[in-house]
Amino acid sequence: MNKGVELLAPVGSWEALVAAVQNGADAVYLGGKLFNARHYASNFSDEELKEAVSYAHLRGVLVFVTVNILIDDSEMEEALDYTKYLYDIGVDAIIVQDIGYASLVRKAIPNFEIHGSTQMTINNLEGAKLLQEMGFSRAVLAREVPAKEIRSISENCSLELEVFVHGALCYSYSGQCLMSSLIGGRSGNRGTCAQPCRMQYSIVDDRGTLLNNWDKSHFLSTRDLNTIEQIRELLSLGIRSFKIEGRMKKAEYVAALTSVYRRAIDEGSCAITEKDKKNIKQIFNRGFTKGLTFGDFGKDFVTLDRPDNRGIRVGTVLESGNRGTVILLKDKISKGDGLEWLSRDGSTNGLKSPRDISANERFFLQRVFDAKVGSDVNRTSSIELLENMKDTYNLDTRKTPIIMNVKITIGEPPTLKLSSKDNKAEVKGDVLVQPASKAPLTKTKVEEQLVKLGETPFYAESIYIELEEGSFLPVKELNELRRSAVLQMQEKILYSKGNSELSEEIYQRAKKQAFNLVRKDNTSTGLSVRVSSQLQLDQMDLSKVDRLYLGFYENIENNLRLLKAHEVETYFWTDRILYQKDLERLGEIVRDNYDLIDGISVSNLGSIMYFKGFGKKLHGDFGLNAFNSLALDYLEGYGLHSQTMSVELNIGQIETILRKVGGVKEAVVYGYLPSMVARNCPMAVIKGCSDDSGCRSCRFAHGFRLRDRMGKEFAMGREEGFTTIYNSVPLMVPESLISFREKGITLFRLEFTVEEDIRDIQSLYYDYLNGKINRSEVDDFMKSYKLGNEITSGHYFRGVLER
């Protein structure tokens, strides 16, 4: 195995665990029944987790457990106690998204290794440095990070880096997708994503006119990642861990992918045969991409026609009509293989093969009358491949070599010593060795019994026998000697691989201190506004805003001087996805306008790290996913002067949090919330773009929408190398302002993005917040507004806590 490099395999069941271990995984990642981002996977009970750790550790495999969702205040103590259980049973590391939970684990269980989930959106060097300062040992990088950026992170930070190398991809940057959450209340950040990216959409313009030939396609459905030919390049970038996606997949899938990536890591992609590549494709594929890291874009990244497995082509539809359908199969087909073809209406149809079919045989489908002549016939599942994969893990072949030394002397108890590379065991028998009255023991007989290691995780590399001539010992005593020694060896291995003992007193004291937050008072309230264009800023009534987030950088000095003249507190607003060059570009803008701004709004952990030394107040925006009081408190301690509450919190959660932390906390009370932030662009499929080099001058960058199957339209905008897809309706809760203020909210945010007419909305909120109009006037405005507009109250009155 390639020294210092780790192959990390997905595990969603016990069978998948065995498949991963037996096919060469260095480590596995899996979820318990609680707090993991694959809520609908089988997952492992506490007792099953303990057994899984023992099975893996006895075979030299590490176990990482996912605790990778956002955690509510009401769940935090349970989450910590669960984490202590994981530590106590010897789990090697936890994979974490929630920064508040991570800060709690660092205090209460300081020796537990923590890996930053891809849900944390670590996409730049500064973000990696922040995790390292927090005490993380590894970052699972965002799946969109370019190779050049990965190299920079690797060369300038000692944090271990992990990347996904195979499997399903999200269209949005992980951790920055709210589409499932906003549409149906199933949050990806809580492990219940409904996968709206796999749905069909149409592309329309701002007037709702359908673009020619772009009706009902899968614009957001990504191909599956496949980097089997890029492994050496990833190694050269400094990647420590190669991660296969697939905790919802079957054990045969895990076996197939683990075995082939094992060989690619150890021997190079040149060791991967055409048969291997065919098997990878056969086991599951939505079409393949080498990913955004290696430059795939547009049509090379998504699969327009369908979002599911399409198998491999094995034949063609020759005829179809009233008699039935004839297909020609170029490959041998086994009974039970899944076959699939297109119908004349464009839908797919299929069956399991009723018998073995020879290569180049014409096969008659008696009850199929509507197949599309000339369409491909695909094999979507192969019985032979599945059986072959099962064979790779039916036997336990991943065993530790041990050396056995046995001493049998008349009048003494027998002794057996076992030794492996790192551990030793020694046991004595319970009876004394007797002189033989008839048939004395032979070395051959002793070896026959000692070598019977059966289902244990060991095999005898060598056996040394010291046997006094004429000795006798019952076979059952030899067997018991072997069993006792093996059990002791297992216990020593598990102990050596376990975590150091955690003091209960220290744990309880740290837990108590962590939950004992000091509340900050803040009684002032105000209206904050984010503007995204000059048109919006020009419409602003600057006497009716307390804080403004400037979200565009044209005409910047004149705009800042205007705001300064009106004594408007002004923050630069920065995007959620910033690479090193973006941070440096914004840094120059800040320096050039340093005296004209009051602060900087950040939405990325790397942005916090980069801007905290500038000497300006920092505001933490909702892209940071601060979901609980511990997260808000930690980030405030890291330099954030004010923070926006997560838009996935309900008002009850917000009230609970603000009773604990207080301070300057902001709630978004109006706006088309961003449902996805993606590096790929749906319009690139229309244009046939092979990269994003032409985005700045692209006429398709704005003014177009995705229309879903329910007729809802989601505006899109392309800025600075990524596309934002906005919710179809605006969040709008003006009638709740006074109630929210009573709950502890101090800033009320209007989030203007795609709007062209904003003045009336601004006046409504400002005037009601400042007592210039009453509730009945607000109700009248809303009644009139709703006649022509649909709105949402977001999660304020529903939340995303189901688990």
# chains A, B, ... in the order shown; residues from 1 in each chain; ligands from 1

call {"tool": "residues_around", "arguments": {"residues": "Ser646 in chain A", "least_positions_apart": "2", "cutoff": "8 Å", "atoms": "only C-alpha atoms", "output": "PDB file with N, CA, C and O atoms, in the first residue's frame"}}
result
ATOM      1  N   PHE A 622     -25.098  34.450   6.796  1.00  0.00           N
ATOM      2  CA  PHE A 622     -25.741  33.150   7.026  1.00  0.00           C
ATOM      3  C   PHE A 622     -25.057  32.010   6.294  1.00  0.00           C
ATOM      4  O   PHE A 622     -25.334  30.842   6.570  1.00  0.00           O
ATOM      5  N   GLY A 623     -24.136  32.294   5.365  1.00  0.00           N
ATOM      6  CA  GLY A 623     -23.387  31.225   4.715  1.00  0.00           C
ATOM      7  C   GLY A 623     -22.481  30.458   5.662  1.00  0.00           C
ATOM      8  O   GLY A 623     -22.019  29.366   5.339  1.00  0.00           O
ATOM      9  N   ASN A 625     -23.480  29.121   8.354  1.00  0.00           N
ATOM     10  CA  ASN A 625     -24.292  28.037   8.922  1.00  0.00           C
ATOM     11  C   ASN A 625     -24.173  27.947  10.443  1.00  0.00           C
ATOM     12  O   ASN A 625     -24.093  26.852  11.014  1.00  0.00           O
ATOM     13  N   ALA A 626     -24.161  29.097  11.119  1.00  0.00           N
ATOM     14  CA  ALA A 626     -24.139  29.092  12.591  1.00  0.00           C
ATOM     15  C   ALA A 626     -25.547  28.759  13.087  1.00  0.00           C
ATOM     16  O   ALA A 626     -26.445  29.591  13.052  1.00  0.00           O
ATOM     17  N   PHE A 627     -25.714  27.526  13.576  1.00  0.00           N
ATOM     18  CA  PHE A 627     -27.051  26.972  13.820  1.00  0.00           C
ATOM     19  C   PHE A 627     -27.394  26.875  15.299  1.00  0.00           C
ATOM     20  O   PHE A 627     -28.492  26.470  15.651  1.00  0.00           O
ATOM     21  N   THR A 644     -25.535  37.019  11.358  1.00  0.00           N
ATOM     22  CA  THR A 644     -26.864  36.696  10.852  1.00  0.00           C
ATOM     23  C   THR A 644     -27.235  35.293  11.301  1.00  0.00           C
ATOM     24  O   THR A 644     -26.443  34.357  11.160  1.00  0.00           O
ATOM     25  N   GLU A 648     -32.217  28.594   8.373  1.00  0.00           N
ATOM     26  CA  GLU A 648     -32.926  27.330   8.604  1.00  0.00           C
ATOM     27  C   GLU A 648     -33.430  27.205  10.040  1.00  0.00           C
ATOM     28  O   GLU A 648     -34.015  26.184  10.410  1.00  0.00           O
ATOM     29  N   LEU A 649     -33.222  28.222  10.859  1.00  0.00           N
ATOM     30  CA  LEU A 649     -33.734  28.210  12.232  1.00  0.00           C
ATOM     31  C   LEU A 649     -35.171  28.712  12.268  1.00  0.00           C
ATOM     32  O   LEU A 649     -35.540  29.623  11.518  1.00  0.00           O
TER      33      LEU A 649
END

call {"tool": "residues_around", "arguments": {"residues": "range 610-615 of chain A", "least_positions_apart": "6", "cutoff": "8 Å", "atoms": "only C-alpha atoms", "output": "list in words"}}
result
Glu126, Leu583, Gly587, Ile600 and Gly639 of chain A

call {"tool": "residues_around", "arguments": {"residues": "Ser334 in chain A", "least_positions_apart": "3", "cutoff": "10 Å", "atoms": "only C-alpha atoms", "output": "list of chain:residue names"}}
result
A:Asp331, A:Asp337, A:Gly338, A:Lys352, A:Ser353, A:Pro354, A:Arg355, A:Asp356, A:Ile357, A:Ser358, A:Ser382, A:Ile383, A:Glu384

call {"tool": "residues_around", "arguments": {"residues": "range 554-562 of chain A", "least_positions_apart": "2", "cutoff": "8 Å", "atoms": "only C-alpha atoms", "output": "PyMOL selection string"}}
result
chain A and resi 534+552+564-566+570+593+596-597

call {"tool": "write_last_selection", "arguments": {"atoms": "C-alpha atoms", "output": "PDB file, in the first residue's frame"}}
result
ATOM      1  CA  GLN A 534     -26.207  50.221  -8.666  1.00  0.00           C
ATOM      2  CA  PHE A 552     -21.096  45.075  -5.778  1.00  0.00           C
ATOM      3  CA  LYS A 564     -20.527  58.178   4.416  1.00  0.00           C
ATOM      4  CA  ALA A 565     -22.168  61.539   3.843  1.00  0.00           C
ATOM      5  CA  HIS A 566     -25.518  60.068   4.945  1.00  0.00           C
ATOM      6  CA  THR A 570     -21.419  50.451   5.591  1.00  0.00           C
ATOM      7  CA  ASN A 593     -11.256  52.253   0.642  1.00  0.00           C
ATOM      8  CA  LEU A 596     -14.795  54.780   3.916  1.00  0.00           C
ATOM      9  CA  ILE A 597     -16.091  51.464   5.294  1.00  0.00           C
TER      10      ILE A 597
END

call {"tool": "select_by_dssp", "arguments": {"residues": "range 462-513 of chain A", "states": "alpha helix (DSSP H)", "output": "ChimeraX atom specification"}}
result
/A:475-497,504-513

call {"tool": "residues_around", "arguments": {"residues": "Asn604 in chain A", "least_positions_apart": "6", "cutoff": "10 Å", "atoms": "only C-alpha atoms", "output": "VMD selection string"}}
result
chain A and resid 120 to 124 126 to 127 574 to 578 610 620 to 625

call {"tool": "residues_around", "arguments": {"residues": "Leu618 in chain A", "least_positions_apart": "3", "cutoff": "6 Å", "atoms": "only C-alpha atoms", "output": "list in words"}}
result
Gly599, Ile600, Ser601, Leu640 and His641 of chain A

call {"tool": "select_by_dssp", "arguments": {"residues": "range 54-236 of chain A", "states": "strand (DSSP E)", "output": "PyMOL selection string"}}
result
chain A and resi 62-67+93-96+114-116+138-140+160-167+202-205+224-226

call {"tool": "write_last_selection", "arguments": {"atoms": "N, CA and C atoms", "output": "mmCIF file, in the first residue's frame"}}
result
data_model
loop_
_atom_site.group_PDB
_atom_site.id
_atom_site.type_symbol
_atom_site.label_atom_id
_atom_site.label_comp_id
_atom_site.auth_asym_id
_atom_site.auth_seq_id
_atom_site.Cartn_x
_atom_site.Cartn_y
_atom_site.Cartn_z
ATOM 1 N N LEU A 62 -8.899 1.826 9.977
ATOM 2 C CA LEU A 62 -9.416 2.910 10.810
ATOM 3 C C LEU A 62 -10.912 3.096 10.584
ATOM 4 N N VAL A 63 -11.579 3.646 11.608
ATOM 5 C CA VAL A 63 -13.025 3.890 11.528
ATOM 6 C C VAL A 63 -13.308 5.353 11.843
ATOM 7 N N PHE A 64 -13.944 6.038 10.893
ATOM 8 C CA PHE A 64 -14.384 7.409 11.087
ATOM 9 C C PHE A 64 -15.913 7.423 11.116
ATOM 10 N N VAL A 65 -16.479 8.139 12.065
ATOM 11 C CA VAL A 65 -17.938 8.218 12.186
ATOM 12 C C VAL A 65 -18.401 9.622 11.838
ATOM 13 N N THR A 66 -19.433 9.689 11.017
ATOM 14 C CA THR A 66 -19.977 10.977 10.592
ATOM 15 C C THR A 66 -20.907 11.543 11.664
ATOM 16 N N VAL A 67 -20.574 12.723 12.141
ATOM 17 C CA VAL A 67 -21.475 13.511 12.997
ATOM 18 C C VAL A 67 -21.571 14.854 12.272
ATOM 19 N N ALA A 93 -11.814 8.811 14.473
ATOM 20 C CA ALA A 93 -12.052 10.233 14.213
ATOM 21 C C ALA A 93 -13.533 10.433 13.938
ATOM 22 N N ILE A 94 -13.986 11.665 14.126
ATOM 23 C CA ILE A 94 -15.344 12.035 13.736
ATOM 24 C C ILE A 94 -15.261 13.049 12.605
ATOM 25 N N ILE A 95 -16.247 12.994 11.715
ATOM 26 C CA ILE A 95 -16.345 13.925 10.589
ATOM 27 C C ILE A 95 -17.455 14.913 10.911
ATOM 28 N N VAL A 96 -17.132 16.198 10.925
ATOM 29 C CA VAL A 96 -17.978 17.214 11.554
ATOM 30 C C VAL A 96 -18.281 18.355 10.593
ATOM 31 N N ILE A 114 -10.675 15.223 14.901
ATOM 32 C CA ILE A 114 -11.817 15.785 14.194
ATOM 33 C C ILE A 114 -11.435 16.097 12.754
ATOM 34 N N HIS A 115 -12.298 15.675 11.832
ATOM 35 C CA HIS A 115 -12.134 15.990 10.424
ATOM 36 C C HIS A 115 -13.240 16.945 10.001
ATOM 37 N N GLY A 116 -12.891 17.986 9.260
ATOM 38 C CA GLY A 116 -13.882 18.936 8.772
ATOM 39 C C GLY A 116 -14.581 18.392 7.538
ATOM 40 N N ARG A 138 -7.864 17.287 9.908
ATOM 41 C CA ARG A 138 -8.066 17.047 8.477
ATOM 42 C C ARG A 138 -9.241 17.874 7.970
ATOM 43 N N ALA A 139 -9.147 18.277 6.699
ATOM 44 C CA ALA A 139 -10.261 18.927 6.016
ATOM 45 C C ALA A 139 -10.640 18.103 4.799
ATOM 46 N N VAL A 140 -11.930 17.812 4.670
ATOM 47 C CA VAL A 140 -12.453 17.227 3.438
ATOM 48 C C VAL A 140 -12.806 18.410 2.541
ATOM 49 N N GLU A 160 -4.097 17.756 7.191
ATOM 50 C CA GLU A 160 -4.297 16.682 6.227
ATOM 51 C C GLU A 160 -5.452 17.046 5.299
ATOM 52 N N LEU A 161 -5.319 16.692 4.020
ATOM 53 C CA LEU A 161 -6.358 17.010 3.033
ATOM 54 C C LEU A 161 -6.969 15.729 2.483
ATOM 55 N N GLU A 162 -8.272 15.761 2.383
ATOM 56 C CA GLU A 162 -9.025 14.619 1.857
ATOM 57 C C GLU A 162 -9.921 15.118 0.732
ATOM 58 N N VAL A 163 -10.047 14.316 -0.327
ATOM 59 C CA VAL A 163 -10.947 14.664 -1.422
ATOM 60 C C VAL A 163 -11.775 13.450 -1.815
ATOM 61 N N PHE A 164 -12.951 13.722 -2.356
ATOM 62 C CA PHE A 164 -13.747 12.666 -2.969
ATOM 63 C C PHE A 164 -13.135 12.321 -4.317
ATOM 64 N N VAL A 165 -13.043 11.028 -4.602
ATOM 65 C CA VAL A 165 -12.471 10.589 -5.874
ATOM 66 C C VAL A 165 -13.478 9.851 -6.744
ATOM 67 N N HIS A 166 -14.605 9.440 -6.170
ATOM 68 C CA HIS A 166 -15.580 8.683 -6.967
ATOM 69 C C HIS A 166 -16.953 8.766 -6.314
ATOM 70 N N GLY A 167 -17.987 8.818 -7.172
ATOM 71 C CA GLY A 167 -19.344 8.727 -6.677
ATOM 72 C C GLY A 167 -20.191 9.944 -7.003
ATOM 73 N N SER A 202 -37.013 23.389 -16.784
ATOM 74 C CA SER A 202 -36.976 24.068 -18.070
ATOM 75 C C SER A 202 -36.297 25.411 -17.862
ATOM 76 N N ILE A 203 -35.739 25.967 -18.925
ATOM 77 C CA ILE A 203 -35.113 27.284 -18.826
ATOM 78 C C ILE A 203 -35.981 28.306 -19.553
ATOM 79 N N VAL A 204 -36.307 29.369 -18.818
ATOM 80 C CA VAL A 204 -37.142 30.438 -19.359
ATOM 81 C C VAL A 204 -36.441 31.771 -19.131
ATOM 82 N N ASP A 205 -36.883 32.798 -19.880
ATOM 83 C CA ASP A 205 -36.331 34.127 -19.647
ATOM 84 C C ASP A 205 -37.164 34.853 -18.602
ATOM 85 N N ASP A 224 -21.578 11.224 -12.305
ATOM 86 C CA ASP A 224 -20.829 10.680 -11.175
ATOM 87 C C ASP A 224 -19.338 10.972 -11.347
ATOM 88 N N LEU A 225 -18.693 11.310 -10.248
ATOM 89 C CA LEU A 225 -17.257 11.573 -10.257
ATOM 90 C C LEU A 225 -16.491 10.264 -10.490
ATOM 91 N N ASN A 226 -15.477 10.332 -11.334
ATOM 92 C CA ASN A 226 -14.603 9.178 -11.596
ATOM 93 C C ASN A 226 -13.207 9.713 -11.884
#

call {"tool": "residues_around", "arguments": {"residues": "range 507-517 of chain A", "least_positions_apart": "4", "cutoff": "9 Å", "atoms": "only C-alpha atoms", "output": "MDAnalysis selection string"}}
result
chainID A and resid 77 80 84 103:105 107:109 502:503 629:630 633 660:661

call {"tool": "write_last_selection", "arguments": {"atoms": "all heavy atoms", "output": "compact mmCIF listing (two decimals), in the first residue's frame"}}
result
# COMPACT_ATOMS: atom_id res chain seq x y z
N GLU A 77 -26.25 18.40 24.07
CA GLU A 77 -25.75 17.54 25.14
C GLU A 77 -25.81 16.07 24.73
O GLU A 77 -24.88 15.30 24.98
CB GLU A 77 -26.53 17.76 26.43
CG GLU A 77 -25.96 16.99 27.61
CD GLU A 77 -26.56 17.40 28.94
OE1 GLU A 77 -27.48 18.23 28.96
OE2 GLU A 77 -26.08 16.88 29.97
N LEU A 80 -22.98 15.40 22.39
CA LEU A 80 -21.69 15.27 23.06
C LEU A 80 -21.57 13.92 23.77
O LEU A 80 -20.52 13.27 23.70
CB LEU A 80 -21.49 16.41 24.06
CG LEU A 80 -20.13 16.42 24.74
CD1 LEU A 80 -19.01 16.60 23.72
CD2 LEU A 80 -20.06 17.53 25.80
N LYS A 84 -18.83 11.05 23.13
CA LYS A 84 -18.03 10.38 24.17
C LYS A 84 -18.11 8.87 24.01
O LYS A 84 -17.10 8.16 24.17
CB LYS A 84 -18.49 10.79 25.56
CG LYS A 84 -17.67 10.17 26.69
CD LYS A 84 -18.14 10.64 28.06
CE LYS A 84 -17.29 10.03 29.17
NZ LYS A 84 -17.42 8.57 29.23
N SER A 103 -16.33 22.94 18.47
CA SER A 103 -15.67 23.66 19.56
C SER A 103 -15.97 23.01 20.90
O SER A 103 -15.11 22.98 21.80
CB SER A 103 -16.13 25.13 19.57
OG SER A 103 -17.49 25.25 19.95
N LEU A 104 -17.16 22.44 21.04
CA LEU A 104 -17.52 21.74 22.28
C LEU A 104 -16.70 20.46 22.44
O LEU A 104 -16.18 20.18 23.53
CB LEU A 104 -19.02 21.42 22.25
CG LEU A 104 -19.59 20.60 23.42
CD1 LEU A 104 -19.39 21.31 24.74
CD2 LEU A 104 -21.07 20.30 23.19
N VAL A 105 -16.56 19.70 21.37
CA VAL A 105 -15.78 18.46 21.43
C VAL A 105 -14.33 18.77 21.78
O VAL A 105 -13.70 18.06 22.57
CB VAL A 105 -15.88 17.69 20.10
CG1 VAL A 105 -14.92 16.49 20.08
CG2 VAL A 105 -17.31 17.22 19.85
N LYS A 107 -13.19 21.04 23.64
CA LYS A 107 -13.06 21.34 25.07
C LYS A 107 -13.29 20.11 25.94
O LYS A 107 -12.55 19.88 26.91
CB LYS A 107 -14.05 22.43 25.46
CG LYS A 107 -13.78 23.78 24.83
CD LYS A 107 -14.90 24.77 25.14
CE LYS A 107 -14.68 26.11 24.46
NZ LYS A 107 -15.81 27.04 24.64
N ALA A 108 -14.30 19.32 25.60
CA ALA A 108 -14.70 18.22 26.48
C ALA A 108 -13.95 16.92 26.20
O ALA A 108 -13.73 16.13 27.11
CB ALA A 108 -16.21 17.99 26.35
N ILE A 109 -13.56 16.70 24.95
CA ILE A 109 -12.85 15.47 24.58
C ILE A 109 -11.66 15.89 23.73
O ILE A 109 -11.60 15.66 22.52
CB ILE A 109 -13.76 14.49 23.81
CG1 ILE A 109 -15.15 14.41 24.44
CG2 ILE A 109 -13.14 13.10 23.74
CD1 ILE A 109 -16.14 13.56 23.69
N LEU A 502 -10.53 8.77 29.07
CA LEU A 502 -11.04 10.12 29.29
C LEU A 502 -11.53 10.25 30.72
O LEU A 502 -12.36 9.45 31.18
CB LEU A 502 -12.19 10.42 28.32
CG LEU A 502 -12.85 11.79 28.41
CD1 LEU A 502 -11.86 12.89 28.00
CD2 LEU A 502 -14.09 11.85 27.53
N SER A 503 -11.00 11.23 31.43
CA SER A 503 -11.43 11.45 32.81
C SER A 503 -12.87 11.94 32.84
O SER A 503 -13.20 12.95 32.23
CB SER A 503 -10.51 12.49 33.47
OG SER A 503 -11.10 12.98 34.66
N SER A 629 -26.17 28.16 19.67
CA SER A 629 -25.54 29.18 20.51
C SER A 629 -24.03 28.98 20.59
O SER A 629 -23.28 29.96 20.64
CB SER A 629 -26.16 29.16 21.91
OG SER A 629 -26.03 27.89 22.51
N LEU A 630 -23.58 27.74 20.59
CA LEU A 630 -22.13 27.49 20.68
C LEU A 630 -21.41 27.98 19.43
O LEU A 630 -20.30 28.52 19.51
CB LEU A 630 -21.86 26.00 20.89
CG LEU A 630 -22.24 25.44 22.26
CD1 LEU A 630 -22.02 23.93 22.28
CD2 LEU A 630 -21.45 26.10 23.36
N ASP A 633 -21.34 31.79 19.60
CA ASP A 633 -20.41 32.22 20.65
C ASP A 633 -18.97 32.01 20.19
O ASP A 633 -18.12 32.88 20.40
CB ASP A 633 -20.68 31.42 21.92
CG ASP A 633 -19.79 31.88 23.07
OD1 ASP A 633 -20.01 32.98 23.60
OD2 ASP A 633 -18.86 31.12 23.43
N LYS A 660 -29.18 32.85 25.39
CA LYS A 660 -27.87 32.40 25.86
C LYS A 660 -26.73 33.31 25.41
O LYS A 660 -25.77 33.50 26.16
CB LYS A 660 -27.59 30.98 25.36
CG LYS A 660 -28.58 29.94 25.85
CD LYS A 660 -28.29 28.59 25.22
CE LYS A 660 -29.30 27.54 25.65
NZ LYS A 660 -29.04 26.23 25.00
N VAL A 661 -26.81 33.85 24.19
CA VAL A 661 -25.66 34.58 23.67
C VAL A 661 -25.89 36.08 23.51
O VAL A 661 -24.98 36.87 23.67
CB VAL A 661 -25.20 33.98 22.32
CG1 VAL A 661 -24.70 32.57 22.50
CG2 VAL A 661 -26.30 34.05 21.28

call {"tool": "atom_distance", "arguments": {"atom1": "CA of Asn189 in chain A", "atom2": "CA of Val664 in chain A"}}
result
24.6 Å

call {"tool": "closest_residue", "arguments": {"among": "A:Ala147, A:Leu535, A:Ile69, A:Leu632", "to": "Ser117 in chain A", "atoms": "only C-alpha atoms"}}
result
A:Ile69
